[in-house]
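my_file-v4.txt (compact mmCIF, C-alpha atoms)
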# COMPACT_ATOMS: atom_id res chain seq x y z
CA MET A 2 0.00 0.00 0.00
CA VAL A 3 1.27 3.49 -0.88
CA ASP A 4 0.29 7.13 -1.20
CA SER A 5 -1.08 8.68 -4.39
CA PHE A 6 2.32 9.96 -5.57
CA LEU A 7 4.00 6.57 -5.24
CA ALA A 8 0.94 4.90 -6.75
CA ALA A 9 1.16 7.14 -9.83
CA GLU A 10 4.88 6.42 -10.16
CA ARG A 11 4.22 2.69 -9.91
CA LEU A 12 1.47 2.92 -12.53
CA SER A 13 3.86 4.65 -14.91
CA LEU A 14 6.38 1.84 -14.41
CA LEU A 15 3.71 -0.78 -15.05
CA VAL A 16 2.79 0.96 -18.30
CA ARG A 17 6.43 1.00 -19.33
CA ASP A 18 7.02 -2.67 -18.44
CA ARG A 19 3.85 -3.84 -20.26
CA GLN A 20 3.33 -6.93 -18.09
CA LYS A 21 -0.49 -7.14 -18.22
CA ALA A 22 -0.91 -6.02 -14.63
CA TYR A 23 -3.98 -4.91 -12.71
CA VAL A 24 -4.36 -2.56 -9.76
CA CYS A 25 -7.08 -2.69 -7.10
CA VAL A 26 -8.23 0.38 -5.19
CA ALA A 27 -9.39 -0.91 -1.81
CA PRO A 28 -11.90 0.79 0.51
CA VAL A 29 -13.05 -0.80 3.78
CA SER A 30 -15.68 -2.89 1.97
CA THR A 31 -12.98 -4.55 -0.13
CA ILE A 32 -10.95 -5.49 2.94
CA VAL A 33 -14.03 -6.95 4.62
CA GLU A 34 -15.07 -8.93 1.55
CA ALA A 35 -11.56 -10.33 1.12
CA ARG A 36 -11.54 -11.54 4.74
CA ARG A 37 -14.73 -13.49 4.03
CA ASP A 38 -13.90 -14.79 0.54
CA ALA A 39 -10.66 -16.69 -0.11
CA GLU A 40 -11.08 -16.39 -3.88
CA TYR A 41 -11.31 -12.62 -3.61
CA GLN A 42 -8.26 -12.57 -1.35
CA LYS A 43 -6.39 -14.44 -4.08
CA VAL A 44 -7.44 -11.85 -6.68
CA LEU A 45 -6.08 -9.05 -4.47
CA ASN A 46 -2.87 -10.94 -3.74
CA GLU A 47 -2.21 -11.32 -7.47
CA ALA A 48 -2.68 -7.60 -8.16
CA ALA A 49 0.43 -5.59 -9.00
CA MET A 50 -0.67 -3.04 -6.42
CA VAL A 51 -3.49 -2.58 -3.89
CA THR A 52 -4.02 0.98 -2.73
CA PRO A 53 -5.97 2.19 0.36
CA ASP A 54 -8.98 4.03 -1.05
CA GLY A 55 -10.54 4.53 2.38
CA ALA A 56 -8.99 6.63 5.15
CA PRO A 57 -9.56 3.90 7.80
CA VAL A 58 -7.56 1.44 5.68
CA ALA A 59 -4.67 3.91 5.54
CA TRP A 60 -4.89 4.51 9.30
CA ILE A 61 -4.61 0.80 10.02
CA GLY A 62 -1.63 0.58 7.69
CA ARG A 63 0.18 3.31 9.63
CA LEU A 64 -0.69 1.71 12.96
CA ASN A 65 0.92 -1.47 11.67
CA GLY A 66 4.18 0.34 10.99
CA HIS A 67 3.72 1.40 7.35
CA ARG A 68 4.38 5.09 7.92
CA GLN A 69 4.20 6.13 4.27
CA VAL A 70 0.66 4.87 3.78
CA ARG A 71 -1.85 7.57 2.93
CA ARG A 72 -5.31 7.39 1.47
CA THR A 73 -5.09 6.86 -2.30
CA TYR A 74 -8.49 8.01 -3.51
CA GLY A 75 -9.42 6.37 -6.82
CA PRO A 76 -10.72 9.52 -8.58
CA ASP A 77 -7.62 11.47 -7.51
CA LEU A 78 -5.31 8.76 -8.81
CA MET A 79 -7.16 8.77 -12.12
CA LEU A 80 -6.93 12.56 -12.40
CA LYS A 81 -3.23 12.49 -11.58
CA MET A 82 -2.50 9.97 -14.33
CA CYS A 83 -4.67 11.85 -16.83
CA ASP A 84 -2.77 15.04 -16.08
CA GLU A 85 0.78 13.72 -15.92
CA GLY A 86 0.28 11.26 -18.78
CA ARG A 87 -0.20 14.05 -21.32
CA ALA A 88 3.54 14.65 -21.55
CA SER A 89 4.23 11.05 -22.60
CA GLY A 90 1.10 10.59 -24.72
CA LEU A 91 -0.51 8.10 -22.33
CA ARG A 92 -3.49 6.40 -23.97
CA HIS A 93 -6.62 5.96 -21.81
CA PHE A 94 -9.59 3.63 -22.31
CA PHE A 95 -12.73 3.62 -20.12
CA TYR A 96 -14.68 0.44 -19.36
CA GLY A 97 -17.79 0.73 -17.19
CA GLY A 98 -20.59 3.10 -16.34
CA THR A 99 -23.34 4.04 -18.77
CA PRO A 100 -22.94 5.48 -22.28
CA GLU A 101 -24.00 8.90 -20.99
CA VAL A 102 -21.56 8.79 -18.08
CA CYS A 103 -18.69 7.72 -20.36
CA ASP A 104 -19.44 10.57 -22.77
CA ARG A 105 -19.62 13.11 -19.95
CA LEU A 106 -16.43 11.74 -18.42
CA GLU A 107 -14.54 12.08 -21.70
CA ARG A 108 -15.76 15.65 -22.23
CA SER A 109 -14.91 16.63 -18.67
CA LEU A 110 -11.38 15.22 -18.80
CA LYS A 111 -10.66 16.78 -22.19
CA GLU A 112 -11.78 20.17 -20.91
CA ARG A 113 -9.71 19.79 -17.76
CA PHE A 114 -6.63 18.30 -19.41
CA PRO A 115 -6.23 19.56 -22.99
CA GLY A 116 -4.24 17.10 -25.06
CA ILE A 117 -5.29 14.01 -23.09
CA LEU A 118 -5.61 10.92 -25.29
CA VAL A 119 -8.89 9.08 -24.68
CA VAL A 120 -8.71 6.27 -27.24
CA GLY A 121 -11.96 4.47 -26.47
CA LYS A 122 -14.77 3.73 -24.08
CA ILE A 123 -17.20 0.87 -23.53
CA ALA A 124 -20.28 0.95 -21.30
CA PRO A 125 -21.07 -2.76 -20.93
CA PRO A 126 -24.56 -4.09 -20.18
CA PHE A 127 -25.25 -4.84 -16.54
CA ALA A 128 -24.04 -8.20 -15.24
CA ALA A 129 -24.39 -9.42 -11.66
CA LYS A 130 -20.94 -11.04 -11.73
CA ALA A 131 -17.68 -10.56 -13.59
CA GLU A 132 -17.86 -11.96 -17.10
CA ARG A 133 -15.38 -12.58 -19.89
CA LEU A 134 -15.17 -9.88 -22.53
CA THR A 135 -17.18 -10.33 -25.68
CA GLU A 136 -15.11 -10.70 -28.84
CA GLN A 137 -16.44 -7.37 -30.05
CA ALA A 138 -15.28 -5.59 -26.88
CA ARG A 139 -11.93 -7.36 -26.89
CA HIS A 140 -11.25 -6.37 -30.50
CA ALA A 141 -12.27 -2.76 -29.78
CA ILE A 142 -9.81 -2.55 -26.89
CA HIS A 143 -7.02 -4.18 -28.90
CA ALA A 144 -7.59 -1.82 -31.83
CA ALA A 145 -7.40 1.22 -29.53
CA ARG A 146 -4.03 0.14 -28.04
CA PRO A 147 -4.56 1.74 -24.62
CA ASP A 148 -1.79 2.10 -22.05
CA ILE A 149 -4.26 2.16 -19.16
CA LEU A 150 -7.68 0.56 -19.07
CA TRP A 151 -9.77 2.23 -16.36
CA VAL A 152 -12.42 -0.18 -15.06
CA ALA A 153 -15.47 1.11 -13.19
CA LEU A 154 -17.74 -1.83 -12.35
CA GLY A 155 -17.78 -1.51 -8.57
CA SER A 156 -16.04 -3.74 -6.05
CA PRO A 157 -15.58 -6.64 -5.87
CA LYS A 158 -16.86 -7.22 -9.42
CA GLN A 159 -14.29 -5.01 -11.11
CA ASP A 160 -11.41 -6.79 -9.37
CA PHE A 161 -12.69 -10.22 -10.41
CA TRP A 162 -13.24 -8.84 -13.92
CA MET A 163 -9.65 -7.63 -14.23
CA ALA A 164 -8.25 -10.94 -13.00
CA LEU A 165 -10.55 -12.87 -15.35
CA ASN A 166 -9.75 -10.84 -18.48
CA ARG A 167 -6.11 -9.89 -17.93
CA ASP A 168 -4.61 -12.61 -20.12
CA ALA A 169 -7.06 -11.97 -22.97
CA LEU A 170 -6.05 -8.32 -23.30
CA ASP A 171 -2.80 -6.81 -24.50
CA VAL A 172 -3.05 -3.91 -22.07
CA PRO A 173 -0.11 -2.92 -19.85
CA VAL A 174 -2.23 -2.12 -16.81
CA MET A 175 -5.87 -2.09 -15.73
CA VAL A 176 -7.04 -0.04 -12.75
CA GLY A 177 -10.34 -0.60 -10.94
CA VAL A 178 -11.68 2.76 -9.80
CA GLY A 179 -15.22 2.04 -8.60
CA ALA A 180 -17.47 5.09 -8.73
CA ALA A 181 -14.77 7.38 -10.18
CA PHE A 182 -16.50 7.63 -13.57
CA ASP A 183 -19.71 8.86 -11.93
CA PHE A 184 -17.88 11.32 -9.71
CA LEU A 185 -15.59 12.80 -12.37
CA ALA A 186 -18.43 12.99 -14.91
CA GLY A 187 -20.55 14.90 -12.39
CA ALA A 188 -23.22 12.19 -12.40
CA LYS A 189 -22.96 11.70 -8.62
CA PRO A 190 -21.80 14.09 -5.89
CA GLN A 191 -18.49 13.48 -4.14
CA ALA A 192 -18.10 13.77 -0.40
CA PRO A 193 -16.47 16.98 0.84
CA ARG A 194 -12.70 16.65 1.27
CA TRP A 195 -12.91 17.01 5.04
CA MET A 196 -15.24 14.01 5.26
CA GLY A 197 -12.79 11.93 3.23
CA ARG A 198 -9.89 12.95 5.49
CA MET A 199 -11.89 12.02 8.59
CA GLY A 200 -12.96 8.65 7.21
CA LEU A 201 -16.59 9.73 6.80
CA GLU A 202 -17.04 9.44 3.05
CA TRP A 203 -19.10 6.30 3.69
CA LEU A 204 -21.64 8.37 5.65
CA PHE A 205 -21.99 10.88 2.81
CA ARG A 206 -22.48 8.14 0.24
CA LEU A 207 -24.92 6.30 2.49
CA CYS A 208 -27.04 9.45 2.79
CA CYS A 209 -26.98 9.87 -1.01
CA GLU A 210 -27.82 6.24 -1.84
CA PRO A 211 -29.23 4.57 1.31
CA ARG A 212 -31.14 1.83 -0.46
CA ARG A 213 -28.17 0.63 -2.49
CA LEU A 214 -25.39 1.10 0.04
CA TRP A 215 -26.84 0.44 3.51
CA LYS A 216 -25.64 -3.15 3.66
CA ARG A 217 -22.14 -2.34 2.41
CA TYR A 218 -21.58 0.39 4.97
CA LEU A 219 -23.63 -0.49 8.04
CA ILE A 220 -22.89 -4.21 8.07
CA GLY A 221 -19.51 -3.95 6.34
CA ASN A 222 -18.18 -1.28 8.71
CA ALA A 223 -19.32 -3.29 11.73
CA LEU A 224 -17.50 -6.35 10.39
CA PHE A 225 -14.38 -4.25 9.78
CA VAL A 226 -14.34 -3.14 13.42
CA TRP A 227 -14.95 -6.72 14.54
CA PHE A 228 -12.04 -8.03 12.46
CA LEU A 229 -9.77 -5.35 13.92
CA PHE A 230 -10.83 -6.24 17.47
CA ARG A 231 -10.40 -9.97 16.87
CA ASP A 232 -6.99 -9.51 15.28
CA GLY A 233 -5.92 -7.30 18.17
CA VAL A 234 -6.96 -9.92 20.73
CA ARG A 235 -5.15 -12.65 18.80
CA GLY A 236 -2.05 -10.47 18.52
CA ARG A 237 -1.92 -9.88 22.29
CA ARG A 238 -2.50 -13.57 22.94
CA ASP A 239 0.31 -14.56 20.57
CA ALA A 240 2.64 -12.02 22.17
CA ARG A 241 2.20 -13.73 25.55
CA THR A 242 3.08 -17.20 24.21

As structure tokens - that is how I would like this structure written.
Amino acid sequence: MVDSFLAAERLSLLVRDRQKAYVCVAPVSTIVEARRDAEYQKVLNEAAMVTPDGAPVAWIGRLNGHRQVRRTYGPDLMLKMCDEGRASGLRHFFYGGTPEVCDRLERSLKERFPGILVVGKIAPPFAAKAERLTEQARHAIHAARPDILWVALGSPKQDFWMALNRDALDVPVMVGVGAAFDFLAGAKPQAPRWMGRMGLEWLFRLCCEPRRLWKRYLIGNALFVWFLFRDGVRGRRDART
């Protein structure tokens, strides 16, 4: 786990090395799901990088001795790469969201970062689980020759999707960024910065979308605290033996 500056540097190296890597951006819900699902844990372990999208995840990292860990917010990481990648001609492809959101995202980024290369976008039909790419989608991505494929399908689906489709795509790096397309396109409001710094983005999002997100945040956050407590008890017990 790293901060946004180191994450951007690592992404640039992954693009250069062209090793078909994928990067997972991990909020609290991802950590909880991985503790409950061994297959998901394997997907995260095989990622080239896992960054702490949620402030509580970064706090725990620092408490465990990783002093450099800072929150690496998915939309900020995407903006940083879109900005800095202009100098090297970085080629971006968007996969996820709706057609309208993808169009708005492209317009917004081109207005914000003149000269950015957006080489393609696909808004796939809804699927409950990660699925293999259709031949049409695979050919479209290959023809566009992107350096970074930004994937916005929500966690954990986007992480499973990247692991499932990595070998079928000749893309240097894929990055799962969750709701970043919606936020950067202006389709959904982002939490104020102070709420993100205080680890309260979940509360803002819960108030905006209670029906969709109540289980993720109310149950997921409780499980996160429980896992921390249990691990702390086990750690003290092991220290005595």

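As for CA of Leu78 in chain A and CA of Leu150 in chain A, they are spaced 13.3 Å apart.
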
Tell me, counting all atoms listed in the file, for each residue of range 22-109 of chain A within 9 Å of range 182-199 of chain A, which pair of atoms is nearest and how far apart they are in Å to one decimal, in rows ordered by chain and increasing number, as a tab-separated table.
residue	atom	partner	partner_atom	distance
A:Gly55	CA	A:Gly197	CA	7.8
A:Ala56	CA	A:Arg198	CA	6.4
A:Pro57	CA	A:Met199	CA	8.5
A:Arg72	CA	A:Arg198	CA	8.2
A:Tyr74	CA	A:Gly197	CA	8.9
A:Pro76	CA	A:Leu185	CA	7.0
A:Leu80	CA	A:Leu185	CA	8.7
A:Phe95	CA	A:Phe182	CA	8.6
A:Gly97	CA	A:Phe182	CA	7.9
A:Gly98	CA	A:Phe182	CA	6.7
A:Val102	CA	A:Ala186	CA	6.1
A:Cys103	CA	A:Phe182	CA	7.1
A:Asp104	CA	A:Ala186	CA	8.3
A:Arg105	CA	A:Ala186	CA	5.2
A:Leu106	CA	A:Ala186	CA	4.2
A:Glu107	CA	A:Ala186	CA	7.9
A:Arg108	CA	A:Ala186	CA	8.2
A:Ser109	CA	A:Ala186	CA	6.3

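Each of A:Glu112, A:Asp148, A:Glu34, A:Asp160 was compared to Met50 in chain A using all atoms listed in the file, and A:Asp160 turns out to be the nearest.
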
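Nearest residue to Asn46 in chain A among A:Leu110, A:Ile61, A:Ala144, A:Cys25 is A:Cys25, counting all atoms listed in the file.
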
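Atom to atom, CA of Asn166 in chain A and CA of Leu134 in chain A stand 6.8 Å apart.
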
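With all atoms listed in the file as the atoms that count, the minimum distance from Lys122 in chain A to the choices A:Arg37, A:Arg71, A:Arg139, A:Arg206 is reached by A:Arg139.
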
Considering all atoms listed in the file, tabulate each residue of range 130-180 of chain A that lies at most 10 Å from range 5-14 of chain A along with its nearest interatomic pair and the corresponding distance in Å to one decimal; arrange the rows by chain and ascending residue number and present them as CSV.
residue,atom,partner,partner_atom,distance
A:Asp148,CA,A:Ser13,CA,9.5
A:Ile149,CA,A:Leu12,CA,8.8
A:Pro173,CA,A:Leu12,CA,9.5
A:Val174,CA,A:Leu12,CA,7.6
A:Met175,CA,A:Leu12,CA,9.4
A:Val176,CA,A:Leu12,CA,9.0

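Closest approach to Cys83 in chain A among A:Ala22, A:Leu224, A:Ala128, A:Ile117: A:Ile117, based on only C-alpha atoms.
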
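The spacing separating CA of Ser30 in chain A from CA of Gly155 in chain A amounts to 10.8 Å.
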
Legend entry - Contacts of Val120 in chain A at 9 Å (only C-alpha atoms; same-chain gap of 4+ positions) as a PyMOL selection string: chain A and resi 92-95+142+145-147

Inset, instruction - Check the smallest atom-to-atom distance from each of A:Gly116, A:Met79, A:Arg133, A:Ala153 to Arg167 in chain A using all atoms listed in the file, then report the winner. - result: A:Arg133

N, CA and C atoms are what I want for range 20-53 of chain A; can you complete it accordingly and write them as an mmCIF file, keeping the file's coordinate frame?
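The new file result.cif reads:
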data_model
loop_
_atom_site.group_PDB
_atom_site.id
_atom_site.type_symbol
_atom_site.label_atom_id
_atom_site.label_comp_id
_atom_site.auth_asym_id
_atom_site.auth_seq_id
_atom_site.Cartn_x
_atom_site.Cartn_y
_atom_site.Cartn_z
ATOM 1 N N GLN A 20 3.412 -5.558 -18.597
ATOM 2 C CA GLN A 20 3.330 -6.930 -18.090
ATOM 3 C C GLN A 20 1.897 -7.413 -17.864
ATOM 4 N N LYS A 21 0.910 -6.747 -18.406
ATOM 5 C CA LYS A 21 -0.490 -7.140 -18.220
ATOM 6 C C LYS A 21 -0.853 -7.191 -16.729
ATOM 7 N N ALA A 22 -0.648 -6.094 -16.058
ATOM 8 C CA ALA A 22 -0.910 -6.020 -14.630
ATOM 9 C C ALA A 22 -2.294 -5.428 -14.363
ATOM 10 N N TYR A 23 -2.768 -5.617 -13.130
ATOM 11 C CA TYR A 23 -3.980 -4.910 -12.710
ATOM 12 C C TYR A 23 -3.785 -4.368 -11.299
ATOM 13 N N VAL A 24 -4.479 -3.274 -11.032
ATOM 14 C CA VAL A 24 -4.360 -2.560 -9.760
ATOM 15 C C VAL A 24 -5.732 -2.450 -9.122
ATOM 16 N N CYS A 25 -5.810 -2.761 -7.837
ATOM 17 C CA CYS A 25 -7.080 -2.690 -7.100
ATOM 18 C C CYS A 25 -7.034 -1.519 -6.117
ATOM 19 N N VAL A 26 -8.086 -0.742 -6.117
ATOM 20 C CA VAL A 26 -8.230 0.380 -5.190
ATOM 21 C C VAL A 26 -9.182 -0.080 -4.088
ATOM 22 N N ALA A 27 -8.676 -0.177 -2.853
ATOM 23 C CA ALA A 27 -9.390 -0.910 -1.810
ATOM 24 C C ALA A 27 -9.943 -0.016 -0.697
ATOM 25 N N PRO A 28 -11.266 0.169 -0.652
ATOM 26 C CA PRO A 28 -11.900 0.790 0.510
ATOM 27 C C PRO A 28 -12.131 -0.272 1.596
ATOM 28 N N VAL A 29 -12.762 0.134 2.679
ATOM 29 C CA VAL A 29 -13.050 -0.800 3.780
ATOM 30 C C VAL A 29 -13.844 -2.003 3.300
ATOM 31 N N SER A 30 -14.828 -1.780 2.430
ATOM 32 C CA SER A 30 -15.680 -2.890 1.970
ATOM 33 C C SER A 30 -14.877 -3.964 1.259
ATOM 34 N N THR A 31 -13.831 -3.570 0.548
ATOM 35 C CA THR A 31 -12.980 -4.550 -0.130
ATOM 36 C C THR A 31 -12.217 -5.396 0.874
ATOM 37 N N ILE A 32 -11.689 -4.760 1.908
ATOM 38 C CA ILE A 32 -10.950 -5.490 2.940
ATOM 39 C C ILE A 32 -11.861 -6.495 3.633
ATOM 40 N N VAL A 33 -13.073 -6.066 3.956
ATOM 41 C CA VAL A 33 -14.030 -6.950 4.620
ATOM 42 C C VAL A 33 -14.385 -8.135 3.736
ATOM 43 N N GLU A 34 -14.689 -7.868 2.472
ATOM 44 C CA GLU A 34 -15.070 -8.930 1.550
ATOM 45 C C GLU A 34 -13.933 -9.928 1.360
ATOM 46 N N ALA A 35 -12.710 -9.437 1.301
ATOM 47 C CA ALA A 35 -11.560 -10.330 1.120
ATOM 48 C C ALA A 35 -11.333 -11.211 2.341
ATOM 49 N N ARG A 36 -11.673 -10.716 3.527
ATOM 50 C CA ARG A 36 -11.540 -11.540 4.740
ATOM 51 C C ARG A 36 -12.554 -12.667 4.754
ATOM 52 N N ARG A 37 -13.659 -12.490 4.037
ATOM 53 C CA ARG A 37 -14.730 -13.490 4.030
ATOM 54 C C ARG A 37 -14.668 -14.415 2.821
ATOM 55 N N ASP A 38 -13.889 -14.061 1.805
ATOM 56 C CA ASP A 38 -13.900 -14.790 0.540
ATOM 57 C C ASP A 38 -12.459 -15.067 0.111
ATOM 58 N N ALA A 39 -12.045 -16.325 0.215
ATOM 59 C CA ALA A 39 -10.660 -16.690 -0.110
ATOM 60 C C ALA A 39 -10.334 -16.445 -1.579
ATOM 61 N N GLU A 40 -11.320 -16.622 -2.452
ATOM 62 C CA GLU A 40 -11.080 -16.390 -3.880
ATOM 63 C C GLU A 40 -10.801 -14.906 -4.141
ATOM 64 N N TYR A 41 -11.536 -14.051 -3.450
ATOM 65 C CA TYR A 41 -11.310 -12.620 -3.610
ATOM 66 C C TYR A 41 -9.948 -12.229 -3.041
ATOM 67 N N GLN A 42 -9.582 -12.824 -1.925
ATOM 68 C CA GLN A 42 -8.260 -12.570 -1.350
ATOM 69 C C GLN A 42 -7.162 -12.927 -2.347
ATOM 70 N N LYS A 43 -7.364 -14.018 -3.071
ATOM 71 C CA LYS A 43 -6.390 -14.440 -4.080
ATOM 72 C C LYS A 43 -6.289 -13.411 -5.211
ATOM 73 N N VAL A 44 -7.435 -12.880 -5.633
ATOM 74 C CA VAL A 44 -7.440 -11.850 -6.680
ATOM 75 C C VAL A 44 -6.629 -10.632 -6.223
ATOM 76 N N LEU A 45 -6.818 -10.200 -4.983
ATOM 77 C CA LEU A 45 -6.080 -9.050 -4.470
ATOM 78 C C LEU A 45 -4.592 -9.359 -4.346
ATOM 79 N N ASN A 46 -4.279 -10.566 -3.900
ATOM 80 C CA ASN A 46 -2.870 -10.940 -3.740
ATOM 81 C C ASN A 46 -2.126 -10.959 -5.069
ATOM 82 N N GLU A 47 -2.847 -11.242 -6.151
ATOM 83 C CA GLU A 47 -2.210 -11.320 -7.470
ATOM 84 C C GLU A 47 -2.151 -9.965 -8.173
ATOM 85 N N ALA A 48 -2.732 -8.944 -7.566
ATOM 86 C CA ALA A 48 -2.680 -7.600 -8.160
ATOM 87 C C ALA A 48 -1.257 -7.049 -8.063
ATOM 88 N N ALA A 49 -0.891 -6.227 -9.034
ATOM 89 C CA ALA A 49 0.430 -5.590 -9.000
ATOM 90 C C ALA A 49 0.514 -4.572 -7.872
ATOM 91 N N MET A 50 -0.634 -4.037 -7.485
ATOM 92 C CA MET A 50 -0.670 -3.040 -6.420
ATOM 93 C C MET A 50 -2.093 -2.964 -5.871
ATOM 94 N N VAL A 51 -2.205 -2.821 -4.553
ATOM 95 C CA VAL A 51 -3.490 -2.580 -3.890
ATOM 96 C C VAL A 51 -3.339 -1.299 -3.089
ATOM 97 N N THR A 52 -4.159 -0.310 -3.398
ATOM 98 C CA THR A 52 -4.020 0.980 -2.730
ATOM 99 C C THR A 52 -5.173 1.213 -1.752
ATOM 100 N N PRO A 53 -4.929 1.944 -0.653
ATOM 101 C CA PRO A 53 -5.970 2.190 0.360
ATOM 102 C C PRO A 53 -6.888 3.336 -0.042
#
